[in-house]
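Participant: Here it is, the structure in full.
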Amino acid sequence: MIALQLSRSRRRVWWISLLMVAFSITGLALSWTNPAIKAPLRPGLDFTGGTQIQLERLCEDACTPLQANAVEAILGEVALSADDTTNAPSLDSARVQILDGGQSLSLRTPALSAAQSQEVIEAVTPLAGPFQTQGQSVDTIGPSLGSQLLLSSLVSLLVAFAGIALYISIRYDGRYAVLALLALAHDVVIVCGIFAWLGLWIGLEVDSLFAVSLLTIAGYSVNDTVVVFDRIRERQREDGDLPINDQVDRAVSATLTRTIYTSGTTLLPLIALILFGGATLYWFAIALALGVIVGSWSSIALAPSLLTIWSGRPRASASA
Amino acid sequence: MARQQGWFALILSLAITSALWLFVISPGVDLGLDLRGGSQLLLEVQPAGSITKITKTELESVKSVLDRRVNSLGVAESTLQTVGDDQLVLQLPGETDPSKAAEKLGKTALLEFRAQKPGISEEMRGLQRLRSQVKSILAAKEARGDSDETSIDPEAFAEAQKALGLEGSAGSEQEQLEQVLAKADRQFADGFEPAAFNGKLLTRAGTRGPTEQSPGWAVTLSFNSEGGDKFAELTKSIAGTDRLLGIFLDGSPISEASVGSQFKVAGITGGNAEITGRFSAEEANDLAELINGGALPLPVEILQVRTIGPSLGAENVQRSLVAALSGLALVTVFMVLIYRLAGAVAVVALALYALFNLSVYSLIGVTLTLPGIAGFILSIGMAVDANVLIFERIKDELRSGNTLVRSIETAFSQAFSSIIDGHLTTLISCAALFTLGTGLVKGFAATLGIGVVLSLFTALTCTRTLLRFLMGYQGLRRPTNFLPQRQLPTQSA
């Protein structure tokens, strides 16, 4: 068994976590002050509303690779027809991305009706078509739905936090709940921070799947921390006369193998998902994998080492 | 020992039932549109006019109107469901061009009252009979679930086809019947004069239970003052004649009534009317709902349209399948390498876990979507955690010199509290996500939640029962099946 002496290197642990959190908050702040983003994370279609049209070109032989600005120029001239309920939005702000080395394209426009999206597809067909009708996808999300999604994600995140805190304070005590939530916030902030930097560097956008991944990370992080806490409590019952530092060191050493193995077995399917899961799940799996890694760090190192500075001998919890 | 055999029998029968259910009885797990291709539209009913807030009642009326329109689109397996108080989700599997659907759904329902043209009553009665005959045959066929059995007098049918100019048409009997009905409906509709007035003049439709004078349920109509006057005028013109009053929704007839001769002088006045007939409560309710839907001028806004091409969907299925299987394979290798015999037991428990999971999805009708698959894959990783916790404890116990059987028992009881805590905290966040989240988040929470509950069951019972069962064999009862020799204390039992 590995005898880890966490209490000796706890300052180093705090520095590492502090630096990671600072790095993340810088990313979030830079993203917020960036005039093109104006939010801590670059919001995707799910949150801003709009239409995303993905088209796969059907090329008999090698068709000439597309130029994004050529497509944009065409879009700028399209006059969409208005229908009863919506006006015809302007396509001046439409964004064009060329994917797969010129073989696919993705168009981001203001929210369009189904008929209007069809007009857009028809407009770019002479230049870029013909398209494979089987492989195309059109997503339209109204702006009100976007804010609804954002709100419901935030509310469910907060309610999940509160529920978990309540459970831990009942099963353990308030201190454990505070530390578990601190570890959780640490994990969520770091994953958000990394995605904020990715948003600045490669224009990565967060969608509702990202919100899902944050919620999962929250659940995983607490699960992980609680198992370590459970061991610490067990040590306190059995080695009550030892200093708190030694109790925590023993408990962490005893669960270290388990934490590493469990993170490992959770990471394995995620790695499979990253490698084979395709574009839709790629960033989702990366967010989860980052969360698992940071979550293991916070439950092995951060939360227990913070527990050791809670002054005096912790009151043994009454519940078993 | 007897208790353990009971568990063993339970697990075995659960496994067999799940496998039978999944592979033989049920058609399998429902795939979401992102996995099989198609379009999904999210619609919101908007308040308008005197209605300032949409409630379930308005939503249901709008839904019943939209149901008819969706059916007329002819997309197989389309579903229309209400979400919350004011939203509807329409799924059109296999439909990659939802613009037609969107156009049809976006229109406000149009309810009209029309009077029959004079002098064609004989013809109209014939059409009326034909329509009701064909409708009841179609309904009977649908109830029986067959479409081949002949249930109509071929001569009379051929005559009816001839009268409608449909003789010699091709297709199955079902299709021919539908053609006849469609044509008869059109001719019937042509027998009416242009709309006298539309549903905007109607304030409300309701139902009334049977009374002594009129057995059977009736549909009641209330008009506003302008509507009441127009309705009186309309009914006066056809009262006591053979002419019918037709109720039309979006141009097609939904009901017709005759007006008794006692209304010849003034028409039906007072702003209220009743449509009597031999309605059942349900029929009356359906008709009232349709009329209400047609009368409520509530616009429907399309909030979201998602279209996934079928090949993209198939590719998604394939990719997630590869990811799930390779994830499982990697975990298998890992567990057997680290925990040997116990690892192999855990892998069996995991396989059972995956089997139970899929059959629960199919049993309670979880529609599997991409995030759902992600939740499933993730829960595999988490299911391993309980086993790892137990096996690490077994190792600890063995190292401190306990006998194998005792180590196993102690490990289960010691690991219990952290397993419960870990699973419950995850379940708490699933519950928060499920109740407060929308679509995508909800699906993910459901699959993860099911996974957490099942992993609790498989880890605590399957792994334990299997281990106890194997420990019944002398040859397997060696600590080295769980821990390398060098790590055992010398006084090893």
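All residue names refer to the structure tokens as shown: chains lettered A, B, ... in order, residues numbered from 1 in each chain, ligands numbered from 1 in order.
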Got a sec: who's within 7 Å of segment 383-400 of chain B, counting only C-alpha atoms, leaving out chain neighbours fewer than 5 positions off, as a VMD selection string?

Facilitator: (chain A and resid 258 262 265) or (chain B and resid 346 407 to 408 411 to 412 415 419 455 459 483 487 to 489)

Participant: Taking a cut-off of 6 Å and counting only C-alpha atoms, can you build a table that, for each residue of chain B near chain A, reports the nearest atom pair and how far apart they are in Å (one decimal), sorted by chain then residue number, as a Markdown table?

Facilitator:
| residue | atom | partner | partner_atom | distance |
| --- | --- | --- | --- | --- |
| B:Ser99 | CA | A:Ala114 | CA | 4.5 |
| B:Leu303 | CA | A:Gly142 | CA | 4.8 |
| B:Gln304 | CA | A:Ile141 | CA | 4.3 |
| B:Val305 | CA | A:Thr140 | CA | 4.8 |
| B:Arg306 | CA | A:Asp139 | CA | 4.3 |
| B:Thr307 | CA | A:Ser137 | CA | 4.9 |
| B:Ile308 | CA | A:Ser137 | CA | 4.6 |
| B:Gly309 | CA | A:Gln134 | CA | 4.6 |
| B:Pro310 | CA | A:Gln134 | CA | 5.7 |
| B:Ser311 | CA | A:Gln134 | CA | 5.5 |
| B:Leu312 | CA | A:Gly135 | CA | 5.3 |
| B:Arg319 | CA | A:Gly277 | CA | 5.1 |
| B:Ser320 | CA | A:Gly277 | CA | 5.4 |
| B:Ala323 | CA | A:Ala272 | CA | 5.0 |
| B:Gly327 | CA | A:Pro269 | CA | 3.9 |
| B:Val331 | CA | A:Thr265 | CA | 5.8 |
| B:Gly381 | CA | A:Thr266 | CA | 3.9 |
| B:Asp385 | CA | A:Thr262 | CA | 5.3 |
| B:Ser418 | CA | A:Val227 | CA | 5.1 |
| B:Gly422 | CA | A:Asn223 | CA | 4.2 |
| B:Thr425 | CA | A:Ile164 | CA | 5.7 |
| B:Thr426 | CA | A:Gly219 | CA | 4.8 |
| B:Ser429 | CA | A:Ala160 | CA | 4.6 |
| B:Ala432 | CA | A:Ala160 | CA | 5.3 |
| B:Leu433 | CA | A:Ser156 | CA | 5.4 |
| B:Leu436 | CA | A:Ser156 | CA | 5.4 |
| B:Gly437 | CA | A:Ser152 | CA | 5.6 |
| B:Val441 | CA | A:Val212 | CA | 5.9 |

Participant: With C-alpha atoms retained, could you export that selection as an mmCIF file, in the first residue's frame?

Facilitator:
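Here's the written file part20.cif:
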data_model
loop_
_atom_site.group_PDB
_atom_site.id
_atom_site.type_symbol
_atom_site.label_atom_id
_atom_site.label_comp_id
_atom_site.auth_asym_id
_atom_site.auth_seq_id
_atom_site.Cartn_x
_atom_site.Cartn_y
_atom_site.Cartn_z
ATOM 1 C CA SER B 99 -40.971 22.898 -44.519
ATOM 2 C CA LEU B 303 -39.458 27.453 -31.696
ATOM 3 C CA GLN B 304 -37.100 24.822 -32.945
ATOM 4 C CA VAL B 305 -36.650 22.650 -35.983
ATOM 5 C CA ARG B 306 -34.089 19.891 -35.982
ATOM 6 C CA THR B 307 -33.476 17.795 -39.034
ATOM 7 C CA ILE B 308 -31.034 14.931 -39.173
ATOM 8 C CA GLY B 309 -30.413 13.048 -42.381
ATOM 9 C CA PRO B 310 -30.959 9.278 -42.066
ATOM 10 C CA SER B 311 -27.372 8.422 -42.975
ATOM 11 C CA LEU B 312 -26.112 10.836 -40.327
ATOM 12 C CA ARG B 319 -20.204 5.352 -33.686
ATOM 13 C CA SER B 320 -21.792 5.227 -30.280
ATOM 14 C CA ALA B 323 -17.603 3.566 -28.402
ATOM 15 C CA GLY B 327 -15.346 1.086 -23.630
ATOM 16 C CA VAL B 331 -12.942 -1.994 -18.770
ATOM 17 C CA GLY B 381 -17.668 3.622 -15.743
ATOM 18 C CA ASP B 385 -16.720 2.036 -9.061
ATOM 19 C CA SER B 418 -19.585 4.744 0.689
ATOM 20 C CA GLY B 422 -21.841 7.921 -3.807
ATOM 21 C CA THR B 425 -25.530 11.945 -4.371
ATOM 22 C CA THR B 426 -25.495 11.131 -8.081
ATOM 23 C CA SER B 429 -28.355 15.472 -9.173
ATOM 24 C CA ALA B 432 -32.694 17.813 -10.111
ATOM 25 C CA LEU B 433 -31.813 17.482 -13.781
ATOM 26 C CA LEU B 436 -35.944 20.989 -13.942
ATOM 27 C CA GLY B 437 -34.122 20.262 -17.162
ATOM 28 C CA VAL B 441 -30.948 17.261 -20.194
#

Participant: Fewer than 4 positions away in the same chain doesn't count, so skip those; otherwise give me all residues within 10 Å of Ala185 of chain A, counting only C-alpha atoms, as a CSV table (one decimal) with all heavy atoms, in the first residue's frame.

Facilitator:
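In the end it all went to around28.csv:
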chain,number,residue,atom,x,y,z
A,21,VAL,N,-7.3,27.4,-10.8
A,21,VAL,CA,-8.5,28.2,-10.7
A,21,VAL,C,-8.2,29.6,-11.3
A,21,VAL,O,-9.0,30.2,-12.0
A,21,VAL,CB,-9.0,28.3,-9.3
A,21,VAL,CG1,-10.1,29.3,-9.1
A,21,VAL,CG2,-9.5,26.9,-8.9
A,161,PHE,N,-26.8,21.2,-6.5
A,161,PHE,CA,-25.8,21.6,-5.5
A,161,PHE,C,-26.5,21.6,-4.1
A,161,PHE,O,-26.0,21.0,-3.2
A,161,PHE,CB,-25.3,23.1,-5.7
A,161,PHE,CG,-24.3,23.2,-6.7
A,161,PHE,CD1,-24.0,22.1,-7.6
A,161,PHE,CD2,-23.5,24.3,-6.8
A,161,PHE,CE1,-23.0,22.3,-8.6
A,161,PHE,CE2,-22.5,24.5,-7.8
A,161,PHE,CZ,-22.3,23.4,-8.6
A,179,LEU,N,-16.9,21.6,2.2
A,179,LEU,CA,-15.7,21.2,1.5
A,179,LEU,C,-16.0,20.4,0.2
A,179,LEU,O,-15.4,20.6,-0.8
A,179,LEU,CB,-14.8,20.3,2.4
A,179,LEU,CG,-14.1,21.1,3.5
A,179,LEU,CD1,-13.1,20.2,4.3
A,179,LEU,CD2,-13.3,22.3,2.9
A,180,ALA,N,-17.1,19.6,0.3
A,180,ALA,CA,-17.5,18.9,-1.0
A,180,ALA,C,-17.9,19.9,-2.0
A,180,ALA,O,-17.6,19.7,-3.2
A,180,ALA,CB,-18.6,17.9,-0.7
A,181,LEU,N,-18.7,20.9,-1.6
A,181,LEU,CA,-19.1,21.9,-2.6
A,181,LEU,C,-18.0,22.7,-3.1
A,181,LEU,O,-17.9,23.1,-4.2
A,181,LEU,CB,-20.2,22.8,-1.9
A,181,LEU,CG,-21.6,22.2,-1.8
A,181,LEU,CD1,-22.6,23.3,-1.5
A,181,LEU,CD2,-22.0,21.5,-3.1
A,189,VAL,N,-15.4,25.1,-12.2
A,189,VAL,CA,-14.7,26.3,-12.6
A,189,VAL,C,-13.6,26.0,-13.6
A,189,VAL,O,-13.4,26.6,-14.6
A,189,VAL,CB,-14.3,27.2,-11.4
A,189,VAL,CG1,-13.3,28.3,-11.9
A,189,VAL,CG2,-15.4,27.9,-10.8
A,190,ILE,N,-12.8,25.0,-13.2
A,190,ILE,CA,-11.6,24.7,-14.1
A,190,ILE,C,-12.1,24.2,-15.4
A,190,ILE,O,-11.5,24.6,-16.5
A,190,ILE,CB,-10.7,23.7,-13.3
A,190,ILE,CG1,-10.0,24.4,-12.2
A,190,ILE,CG2,-9.7,23.1,-14.3
A,190,ILE,CD1,-9.2,23.5,-11.3
A,191,VAL,N,-13.1,23.3,-15.5
A,191,VAL,CA,-13.6,22.8,-16.8
A,191,VAL,C,-14.1,24.0,-17.6
A,191,VAL,O,-13.8,24.1,-18.8
A,191,VAL,CB,-14.6,21.7,-16.6
A,191,VAL,CG1,-15.2,21.3,-18.0
A,191,VAL,CG2,-14.0,20.5,-15.9
A,218,ALA,N,-20.4,17.6,-11.7
A,218,ALA,CA,-20.8,17.9,-10.4
A,218,ALA,C,-21.1,16.6,-9.6
A,218,ALA,O,-20.7,16.4,-8.5
A,218,ALA,CB,-22.0,18.8,-10.4
A,221,SER,N,-17.9,14.4,-9.1
A,221,SER,CA,-17.0,15.0,-8.2
A,221,SER,C,-17.4,14.8,-6.8
A,221,SER,O,-16.6,14.4,-5.9
A,221,SER,CB,-16.9,16.5,-8.5
A,221,SER,OG,-16.4,17.2,-7.4

Participant: Tell me which protein, DNA and RNA residues are within 10 Å of segment 213-221 of chain B, counting only C-alpha atoms, leaving out same-chain ones fewer than 4 positions away, and put them as a PyMOL selection string.

Facilitator: chain B and resi 202-209+271-289+291-292

Participant: To one decimal place, how far is atom CA of Met471 of chain B from atom CA of Val405 of chain B in Å?

Facilitator: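 Atom CA of Val405 of chain B lies 7.4 Å from atom CA of Met471 of chain B.
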
Participant: So that I can see what lies close to segment 241-247 of chain B, please list as a PyMOL selection string the residues with an atom at most 12 Å from it, counting only C-alpha atoms and leaving out residues fewer than 4 positions away in the same chain.

Facilitator: chain B and resi 110-125+128+185+188-199+221+231+234-237+251-264+275+287-288+290-291+294-295

Participant: Using DSSP on the backbone, list every residue of segment 12-42 of chain B that comes out as alpha helix (DSSP H), and give them as a list in words.

Facilitator: Leu12, Ser13, Leu14, Ala15, Ile16, Thr17, Ser18, Ala19, Leu20, Leu33, Asp34, Leu35 and Arg36 of chain B

Participant: Limited to all heavy atoms, could you put the picked residues into a file as a compact mmCIF listing (two decimals), in the first residue's frame?

Facilitator:
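Output (selection_30.txt):
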# COMPACT_ATOMS: atom_id res chain seq x y z
N LEU B 12 -30.76 -14.98 -12.01
CA LEU B 12 -30.81 -15.77 -13.24
C LEU B 12 -32.12 -15.55 -13.96
O LEU B 12 -32.15 -15.32 -15.18
CB LEU B 12 -30.64 -17.26 -12.88
CG LEU B 12 -30.12 -18.12 -14.02
CD1 LEU B 12 -28.70 -17.71 -14.38
CD2 LEU B 12 -30.15 -19.59 -13.61
N SER B 13 -33.23 -15.56 -13.20
CA SER B 13 -34.52 -15.39 -13.87
C SER B 13 -34.66 -13.97 -14.41
O SER B 13 -35.20 -13.77 -15.50
CB SER B 13 -35.68 -15.76 -12.95
OG SER B 13 -35.56 -15.07 -11.74
N LEU B 14 -34.14 -12.99 -13.68
CA LEU B 14 -34.16 -11.61 -14.19
C LEU B 14 -33.39 -11.51 -15.49
O LEU B 14 -33.84 -10.87 -16.45
CB LEU B 14 -33.56 -10.65 -13.17
CG LEU B 14 -34.48 -10.08 -12.10
CD1 LEU B 14 -33.71 -9.15 -11.19
CD2 LEU B 14 -35.63 -9.33 -12.76
N ALA B 15 -32.23 -12.17 -15.51
CA ALA B 15 -31.38 -12.10 -16.71
C ALA B 15 -32.10 -12.73 -17.89
O ALA B 15 -32.12 -12.17 -19.00
CB ALA B 15 -30.06 -12.80 -16.45
N ILE B 16 -32.72 -13.90 -17.65
CA ILE B 16 -33.40 -14.59 -18.75
C ILE B 16 -34.59 -13.77 -19.23
O ILE B 16 -34.79 -13.57 -20.43
CB ILE B 16 -33.83 -16.01 -18.32
CG1 ILE B 16 -32.57 -16.87 -18.10
CG2 ILE B 16 -34.72 -16.65 -19.38
CD1 ILE B 16 -32.83 -18.19 -17.45
N THR B 17 -35.38 -13.25 -18.26
CA THR B 17 -36.53 -12.44 -18.64
C THR B 17 -36.10 -11.22 -19.46
O THR B 17 -36.70 -10.91 -20.48
CB THR B 17 -37.28 -11.94 -17.38
OG1 THR B 17 -37.23 -12.95 -16.39
CG2 THR B 17 -38.72 -11.61 -17.70
N SER B 18 -35.05 -10.53 -18.97
CA SER B 18 -34.59 -9.35 -19.70
C SER B 18 -34.17 -9.70 -21.11
O SER B 18 -34.52 -9.00 -22.07
CB SER B 18 -33.39 -8.70 -19.00
OG SER B 18 -33.65 -8.51 -17.66
N ALA B 19 -33.40 -10.79 -21.22
CA ALA B 19 -32.90 -11.17 -22.54
C ALA B 19 -34.07 -11.52 -23.45
O ALA B 19 -34.12 -11.09 -24.61
CB ALA B 19 -31.95 -12.35 -22.42
N LEU B 20 -35.04 -12.28 -22.92
CA LEU B 20 -36.21 -12.66 -23.72
C LEU B 20 -36.97 -11.41 -24.14
O LEU B 20 -37.35 -11.25 -25.30
CB LEU B 20 -37.14 -13.55 -22.90
CG LEU B 20 -36.83 -15.04 -22.94
CD1 LEU B 20 -37.82 -15.80 -22.07
CD2 LEU B 20 -36.88 -15.55 -24.37
N LEU B 33 -34.67 10.65 -32.84
CA LEU B 33 -34.51 11.11 -34.22
C LEU B 33 -33.06 11.36 -34.58
O LEU B 33 -32.67 11.23 -35.73
CB LEU B 33 -35.31 12.39 -34.44
CG LEU B 33 -36.82 12.20 -34.49
CD1 LEU B 33 -37.51 13.50 -34.77
CD2 LEU B 33 -37.19 11.18 -35.55
N ASP B 34 -32.24 11.72 -33.56
CA ASP B 34 -30.84 11.96 -33.89
C ASP B 34 -30.13 10.66 -34.25
O ASP B 34 -29.03 10.67 -34.77
CB ASP B 34 -30.11 12.68 -32.74
CG ASP B 34 -30.31 12.00 -31.40
OD1 ASP B 34 -31.10 11.03 -31.34
OD2 ASP B 34 -29.70 12.44 -30.42
N LEU B 35 -30.78 9.52 -33.95
CA LEU B 35 -30.16 8.24 -34.28
C LEU B 35 -30.78 7.59 -35.52
O LEU B 35 -30.19 6.69 -36.10
CB LEU B 35 -30.26 7.28 -33.09
CG LEU B 35 -29.51 7.74 -31.85
CD1 LEU B 35 -29.68 6.75 -30.73
CD2 LEU B 35 -28.03 7.90 -32.16
N ARG B 36 -31.99 7.99 -35.89
CA ARG B 36 -32.52 7.35 -37.09
C ARG B 36 -32.88 8.33 -38.19
O ARG B 36 -33.38 7.93 -39.24
CB ARG B 36 -33.71 6.47 -36.74
CG ARG B 36 -34.84 7.20 -36.06
CD ARG B 36 -36.02 6.26 -35.99
NE ARG B 36 -37.03 6.82 -35.10
CZ ARG B 36 -38.25 6.35 -35.03
NH1 ARG B 36 -38.60 5.33 -35.80
NH2 ARG B 36 -39.12 6.88 -34.22
